[in-house]
Structure formats: structure tokens, C-alpha cells
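The block underneath contains the structure these notes are about, expressed in C-alpha cells.
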Amino acid sequence: MAADVRIQALVLLLSMLFVAGNEGKVECQTSAETEEAGKFLRLECPYRSLMLDHCYMCHSSSQEAMMICDGWNENDIQHACEGPRLIFHQTAGTYLSKDDWKRYGDPEEDNFSILDELESLRGSDGKFLFKIVWPELPPPNYNVWKQRNNPVDATVGGVVEYEAVEIHFTDQAWGGLEHNTGAGSLLDGSVDLFFFYYAVGSSLPFNNGIPGPYYSNPGFQKVELYVLSQVSQVALWTQVGTSNSSSNDSLKCYHSTTCSNPITGTTNSWRRFQKPVALWTQVGTSNSRCETTGDDPHDITSQAACQLEAESAGSTWYSFSNDSLKCYHSTTCSNPITGTTNSWRRFQKPGLRDMDCGTKGDSLWTTANWGTQLVICPSGCISGQVWGTGPFSGDSSICRAAIFQGVIAPGGGVVSLTWMPGQSSYPGGTQNGVTTSSFGSWSTSFKIGDLDL
């Protein structure tokens with residue numbers, strides 16, 4: 001597309017945004033000077049999009065956008081907007097450091113990466129839609145999936161909210177792309193394992209090639225990673241209560257973290273909406289709650305509001321009463337109270353597991369959970385044998401090791417537990433009021449880290 005046409009596209013976009021800001025609605029405009037009046041295409045397709053009443057605006061940043069109007073249906077939009085964007089490819093023989101793989105080369109070269117731009121390419125649902133390809137394999141030679149976390153910016157392994165779309169390879173613990181905490185590659189798809197199959201950004205050769213979707217000798221010679229754009233409408237939150245009119249009179253808005261005293265019968269057609277919440281897991285039976293610790297029960301509008309409040313405070317538990325609409329939250333729930341009134345129920349943040357003070361690392365280890373786990377240590381862990389200063393032997397007390405490491409105080413808290421290979425020796429030490437012992441070799445190890453909740 002000629003440069004003057006691209007300038008016209010920007011003028012058209014700005015004029016439409018001006019109309020939207022002043023009238024509350026975008027009116028489609030056409031330009032007889034374009035190649036096809038009313039259908040304006042940019043050379044670079046977007047990776048976020050917003051579907052409007054009459055026009056479709058797609059944008060990857062405030063500087064790059066396109067508008068398509070007048071007669072295009074949703075299939076036309078998807079065809080125009082959902083092309084894959086190449087963000088990485090590697091050819092065997094070139095092995096860079098993990099940092100160097102975040103940006104390297106040009107798309108036309110044998111090795112290329114713009115992985116440092118990944119955060120800007122989320123879909124409208126907040127997830128990434130990835131496609132990984134091994135060109136030397138016969139079709140279908142790819143996996144397509146979604147995930148929420150950005151593995152390039154991560155500092156630990158694991159995948160959050162993996163969603164399979166079109167999967168053709170599942171060997172070697174495939175589960176999306178995670179940050180590789182080892183030295184083999186920047187990213188890998190063998191989730192929560194030490195292997196780095198499905199490697200993206202290999203730093204080391206594997207059988208004179210790149211680790212792919214399964215064991216191969218020689219290794220794979222090329223890998224490509226794409227982000228697919230997603231065209232969708234804005235998903236409105238759930239309306240709560242009733243409208244007092246059928247129209248949007250004043251086009252005004254405000255938002256808050258709570259809605260404790262809704263005002264009804266107002267003017268200007270106000271409506272109120274609540275963010276959809278995936279509720280935490282209920283623990284135990286109904287009519288039980290956590291022991292009140294520091295946060296007394298208070299009035300709340302709904303269970304969702306109670307959970308949002310708990311999340312904002314960094315709590316890992318909350319108790320909620322359906323009958324009295326009461327809520328409180330805490331970081332531990334060591335003494336649950338049963339047989340309470342007002343239909344109390346207690347809920348725990350997903351992904352966490354309660355520990356006893358004496359729980360040892362080896363008691364949790366299985367081939368299925370090899371990787372990182374989140375655990376909750378109770379208060380009062382003043383005893384328990386620990387070997388090593390980090391990593392710790394697998395038969396060490398998890399919670400005492402966490403206190404030694406300074407991740408939690410004796411009052412307890414949330415701990416990130418990551419499995420490691422066995423060590424030849426575990427030297428002891430003293431810190432944070434805990435003395436650990438020395439020991440020889442052991443078959444398994446773990447390391448302790450904190451977690452920002």
C-alpha cells in the first residue's frame with residue numbers, strides 16, 4: 001500500500017476517534033481516494049481488536065491500527081485480522097544466551113526473535129494464542145494453544161491457564177510454554193520437568209540440533225513461534241440489579257472495588273456491573289468457617305465481592321455467610337470452626353496445599369508433580385529436622401527450611417517449593433533462628449522461594 005494511502009488511514013482513524021469521543025458512537029466514513037472505498041487495509045495486521053457497531057478497529061499499539069467499514073461481515077474481519085505474526089525462529093547451529101534470544105536478527109534471516117515484545121500481543125481475553133511449528137515435519141507439524149502467563153518475563157517455570165486449541169504433539173509433558181529455569185533454553189514445553197523439549201531459544205545443542213516435540217537424533221533443525229491475533233467483541237461484565245431506564249442518557253462512568261450501598265431509582269439511566277469472578281475452592285462442608293484472626297466479619301454485598309477483597313489484601317482464605325452477607329479473610333485457616341450459624345463456608349485460593357510442621361519434601365514428591373508447588377505452612381513450626389542450606393535434602397522439613405531461608409516467619413505463610421536433582425552433599429548452617437545439619441548424598445532435593453500473592 002502506498003505511503004500516502006497509509007497516511008489517509010491514520011487521518012481516517014483519528015477522525016473516527018474524534019467522532020466517538022464527542023458523539024458516543026463511531027460513524028463510518030469512506031474515502032473515494034482509497035483503492036476500495038470504505039475498506040481500509042493496513043500492511044501490518046493487529047493483535048488486539050475491538051468490534052464496534054458499524055466498523056471494526058484493530059490495533060497492536062496506539063500507532064498501528066486499521067479500520068474496516070461498510071459491508072464486511074465477521075468472517076471478512078477474521079480473515080483480514082487473524083493472520084499469524086512470526087515472533088521467533090531458530091535454525092540449528094546458532095545457540096545464544098537466554099537474554100540474547102529475547103531480541104535478535106530480522107525475520108528474513110535464519111535466526112530471529114522479538115520475544116521481548118510478547119506482552120503487547122495478548123488477546124482481548126488477556127491470553128496469548130500461540131502456534132509453534134517444526135517446518136521439517138510433515139503436516140500437521142504444529143501445536144496451537146492459549147495461556148495466560150508471559151513465559152518470557154517470568155522468573156519461574158510453569159504455565160497458567162493452559163487451553164488446548166489444536167494439539168498434535170503431547171510427548172515429554174507438553175503443556176504450553178514455560179520459562180526454563182535451567183541453562184538449556186529460554187523457553188520450553190516440558191512443563192514442570194527438567195527437560196527442555198519444545199525448546200524456544202536454545203542455548204545448547206541437543207543431538208546437534210534443537211529439542212523438539214519428541215526425542216530425535218539428530219535434533220530438529222528449525223523451530224518457529226507465532227502469535228495469532230484474536231478478533232472478538234468486548235465481553236461486558238454481569239449487570240447486577242435492575243436498570244431504571246432503557247437508554248444510556250448521560251454517557252457517564254465510574255468504578256470501584258466494592259459496591260456496598262447500591263443506590264436505586266437514580267436518574268440518567270445508571271446501571272451497575274460486576275466483574276465475573278472464578279470462585280475459589282470450597283474446603284470442608286457448609287456451615288464451617290476459619291477461625292477469626294485479625295479481620296472481623298463485616299458486611300459484604302456478595303461472595304464475589306468478598307473474594308475480590310481477599311485477593312486485594314493478599315489473603316489465601318476467606319469465609320463467607322450466605323445468610324447474613326458477612327465476610328472476612330486471612331492467610332491461614334489452621335483451626336476451622338464447624339457447626340457455626342449463618343451458613344458460613346470457607347474457601348481457599350486454588351493451587352495451595354496445607355502442610356503440617358513435620359511434612360517432609362519427599363512425602364510430596366511424585367513423577368506427576370515434579371516441578372513447583374505452592375504450600376501453606378502453619379504457625380508454630382519450632383521443630384523439625386533440616387539438612388542443607390538450600391537446596392535442602394528431600395527428607396527435610398519444608399516449613400522449617402522456609403523459616404531458615406527467611407521466606408516465612410514462625411507465624412507461617414505461603415511457600416513456593418521447587419524440586420531439584422539430588423545433591424552429593426548438604427552442608428549445614430544457622431540463620432533466622434534455625435540450625436540445619438550437614439549430610440551426604442540424597443536422591444532428591446528442593447529449594448524454597450516466596451510467592452507474591
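So you can find residues: chains in the C-alpha cells are A, B, ... in the order shown, residues in each start at 1, and ligands are numbered from 1 in order.
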Write out as a PyMOL selection string which residues come within 7 Å of region 146-161 of chain A when counting only C-alpha atoms, dropping same-chain ones fewer than 6 positions away. chain A and resi 115+119+126-130+176-181+187+191-192
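Compared by their closest atoms to Phe195 (chain A), and using only C-alpha atoms, the residues A:Ala401, A:Leu225, A:Met355, A:Ala173 rank with A:Ala173 nearest.
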Find the residue from A:Thr94, A:Ser396, A:Asn322, A:Gln172 that sits nearest to Gly361 (chain A); use only C-alpha atoms when measuring.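 Smallest distance to Gly361 (chain A) is found for A:Ser396.
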Choose the residue, out of A:Ile167, A:Leu121, A:Val386, A:Val415, that has the smallest atom-to-atom separation from Ile448 (chain A); count only C-alpha atoms.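 Using only C-alpha atoms, Ile448 (chain A) sits closest to A:Val415.
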Proximity to Pro421 (chain A) - best of A:Gln90, A:Gln405, A:Thr436, A:Ser393, only C-alpha atoms: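 Among the listed residues, the smallest separation from Pro421 (chain A) belongs to A:Ser393.
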I'd like the neighbourhood of Glu117 (chain A) as a short mmCIF file (atom, residue, chain, number, x, y, z; two decimals) with all heavy atoms, in the first residue's frame, where a residue qualifies if any of its atoms comes within 9 Å (using only C-alpha atoms), though same-chain residues fewer than 4 positions away should be ignored.
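In the end it all went to out_31.cif:
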data_model
loop_
_atom_site.label_atom_id
_atom_site.label_comp_id
_atom_site.auth_asym_id
_atom_site.auth_seq_id
_atom_site.Cartn_x
_atom_site.Cartn_y
_atom_site.Cartn_z
N ILE A 87 7.11 -14.32 15.62
CA ILE A 87 7.85 -13.61 16.65
C ILE A 87 9.20 -14.27 16.96
O ILE A 87 10.01 -13.68 17.67
CB ILE A 87 7.02 -13.49 17.95
CG1 ILE A 87 6.68 -14.87 18.52
CG2 ILE A 87 5.77 -12.66 17.72
CD1 ILE A 87 6.05 -14.80 19.90
N LYS A 102 15.96 -12.86 23.46
CA LYS A 102 14.76 -12.04 23.61
C LYS A 102 14.59 -11.08 22.43
O LYS A 102 13.46 -10.70 22.10
CB LYS A 102 14.80 -11.27 24.93
CG LYS A 102 14.69 -12.19 26.14
CD LYS A 102 14.73 -11.42 27.44
CE LYS A 102 14.62 -12.37 28.63
NZ LYS A 102 14.68 -11.64 29.93
N ARG A 103 15.68 -10.66 21.80
CA ARG A 103 15.61 -9.86 20.57
C ARG A 103 16.85 -10.14 19.75
O ARG A 103 17.98 -9.95 20.22
CB ARG A 103 15.49 -8.37 20.88
CG ARG A 103 15.52 -7.49 19.62
CD ARG A 103 15.08 -6.08 19.91
NE ARG A 103 13.66 -6.00 20.19
CZ ARG A 103 12.71 -5.80 19.27
NH1 ARG A 103 13.05 -5.70 17.99
NH2 ARG A 103 11.45 -5.74 19.61
N LEU A 121 1.16 -8.42 22.89
CA LEU A 121 0.42 -9.22 21.91
C LEU A 121 -0.65 -10.10 22.56
O LEU A 121 -1.08 -11.09 21.97
CB LEU A 121 1.39 -10.10 21.11
CG LEU A 121 2.51 -9.36 20.41
CD1 LEU A 121 3.40 -10.32 19.62
CD2 LEU A 121 1.96 -8.29 19.49
#
When distances are computed from only C-alpha atoms, which of A:Gly413, A:Thr301, A:Phe206, A:Tyr104 shows the smallest separation from Pro218 (chain A)? A:Phe206
What does the distance from CA of Ser124 (chain A) to CA of His255 (chain A) come to in Å, to one decimal?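 These atoms are spaced 20.2 Å apart.
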Among region 92-184 of chain A, which residues carry a DSSP assignment of strand (DSSP E or B), reported as a PyMOL selection string? chain A and resi 104+112-113+128-133+142-147+163-166+174-179
Go ahead and compute the interatomic distance for CA of Lys131 (chain A) and CA of Thr418 (chain A), in Å to one decimal. 28.3 Å
Of the candidates A:Gly184, A:Trp145, A:Val223, A:Asn207, which one gets nearest to Thr91 (chain A) if we count only C-alpha atoms?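 Once distances to Thr91 (chain A) are computed over only C-alpha atoms, the minimum belongs to A:Val223.
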Please indicate the distance in Å from CA of Asp323 (chain A) to CA of Gln348 (chain A), rounded to one decimal place.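 It comes out at 20.1 Å.
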Could you list, as JSON, numbers by chain, every residue within 6 Å of Ile132 (chain A), counting only C-alpha atoms and ignoring same-chain residues fewer than 2 positions away? {"A": [142, 143, 224, 225]}
Please identify all polymer residues within 9 Å of Cys290 (chain A), counting only C-alpha atoms, omitting same-chain residues fewer than 2 positions from it, and present them as a tab-separated table (two decimals) with N, CA, C and O atoms, in the first residue's frame.
chain	number	residue	atom	x	y	z
A	288	SER	N	-19.19	-24.14	58.09
A	288	SER	CA	-17.89	-24.10	58.76
A	288	SER	C	-17.15	-22.87	58.28
A	288	SER	O	-17.38	-22.40	57.16
A	292	THR	N	-11.50	-16.64	63.33
A	292	THR	CA	-11.29	-15.21	63.10
A	292	THR	C	-9.90	-14.81	63.59
A	292	THR	O	-9.56	-15.02	64.75
A	293	THR	N	-9.08	-14.25	62.67
A	293	THR	CA	-7.72	-13.85	63.02
A	293	THR	C	-7.44	-12.47	62.44
A	293	THR	O	-7.00	-12.33	61.31
A	317	TRP	N	-7.31	-17.29	52.14
A	317	TRP	CA	-8.57	-17.88	52.59
A	317	TRP	C	-9.60	-16.77	52.79
A	317	TRP	O	-9.25	-15.64	53.11
A	318	TYR	N	-10.88	-17.09	52.58
A	318	TYR	CA	-11.93	-16.21	53.05
A	318	TYR	C	-13.12	-17.05	53.50
A	318	TYR	O	-13.31	-18.17	53.04
A	319	SER	N	-13.87	-16.50	54.43
A	319	SER	CA	-15.10	-17.13	54.91
A	319	SER	C	-16.26	-16.21	54.56
A	319	SER	O	-16.16	-14.98	54.70
A	328	TYR	N	-14.97	-12.35	55.95
A	328	TYR	CA	-13.64	-11.99	56.42
A	328	TYR	C	-12.64	-12.92	55.77
A	328	TYR	O	-13.00	-13.97	55.20
A	329	HIS	N	-11.36	-12.54	55.82
A	329	HIS	CA	-10.33	-13.30	55.10
A	329	HIS	C	-9.05	-13.33	55.90
A	329	HIS	O	-8.85	-12.53	56.82
A	330	SER	N	-8.15	-14.25	55.53
A	330	SER	CA	-6.92	-14.44	56.29
A	330	SER	C	-5.91	-15.19	55.43
A	330	SER	O	-6.24	-15.68	54.34
A	332	THR	N	-4.13	-17.85	56.69
A	332	THR	CA	-4.16	-19.25	57.11
A	332	THR	C	-5.54	-19.60	57.64
A	332	THR	O	-6.35	-18.73	57.95
A	333	CYS	N	-5.81	-20.90	57.72
A	333	CYS	CA	-7.06	-21.39	58.30
A	333	CYS	C	-6.74	-22.66	59.08
A	333	CYS	O	-7.13	-23.76	58.70
A	334	SER	N	-5.98	-22.49	60.17
A	334	SER	CA	-5.44	-23.65	60.88
A	334	SER	C	-6.43	-24.26	61.86
A	334	SER	O	-6.29	-25.39	62.26
A	335	ASN	N	-7.45	-23.50	62.26
A	335	ASN	CA	-8.41	-24.01	63.23
A	335	ASN	C	-9.84	-23.77	62.75
A	335	ASN	O	-10.56	-22.91	63.28
A	336	PRO	N	-10.25	-24.49	61.71
A	336	PRO	CA	-11.61	-24.26	61.20
A	336	PRO	C	-12.67	-24.57	62.24
A	336	PRO	O	-12.57	-25.55	62.98
A	337	ILE	N	-13.69	-23.73	62.30
A	337	ILE	CA	-14.78	-23.89	63.26
A	337	ILE	C	-15.99	-24.42	62.52
A	337	ILE	O	-16.44	-23.83	61.54
A	338	THR	N	-16.50	-25.57	62.96
A	338	THR	CA	-17.66	-26.18	62.32
A	338	THR	C	-18.90	-25.99	63.18
A	338	THR	O	-18.82	-25.62	64.34
A	345	ARG	N	-19.30	-20.59	54.98
A	345	ARG	CA	-18.49	-21.53	54.19
A	345	ARG	C	-17.10	-20.93	54.07
A	345	ARG	O	-16.92	-19.73	54.11
A	346	ARG	N	-16.10	-21.79	53.91
A	346	ARG	CA	-14.73	-21.30	53.80
A	346	ARG	C	-14.14	-21.71	52.45
A	346	ARG	O	-14.40	-22.81	51.94
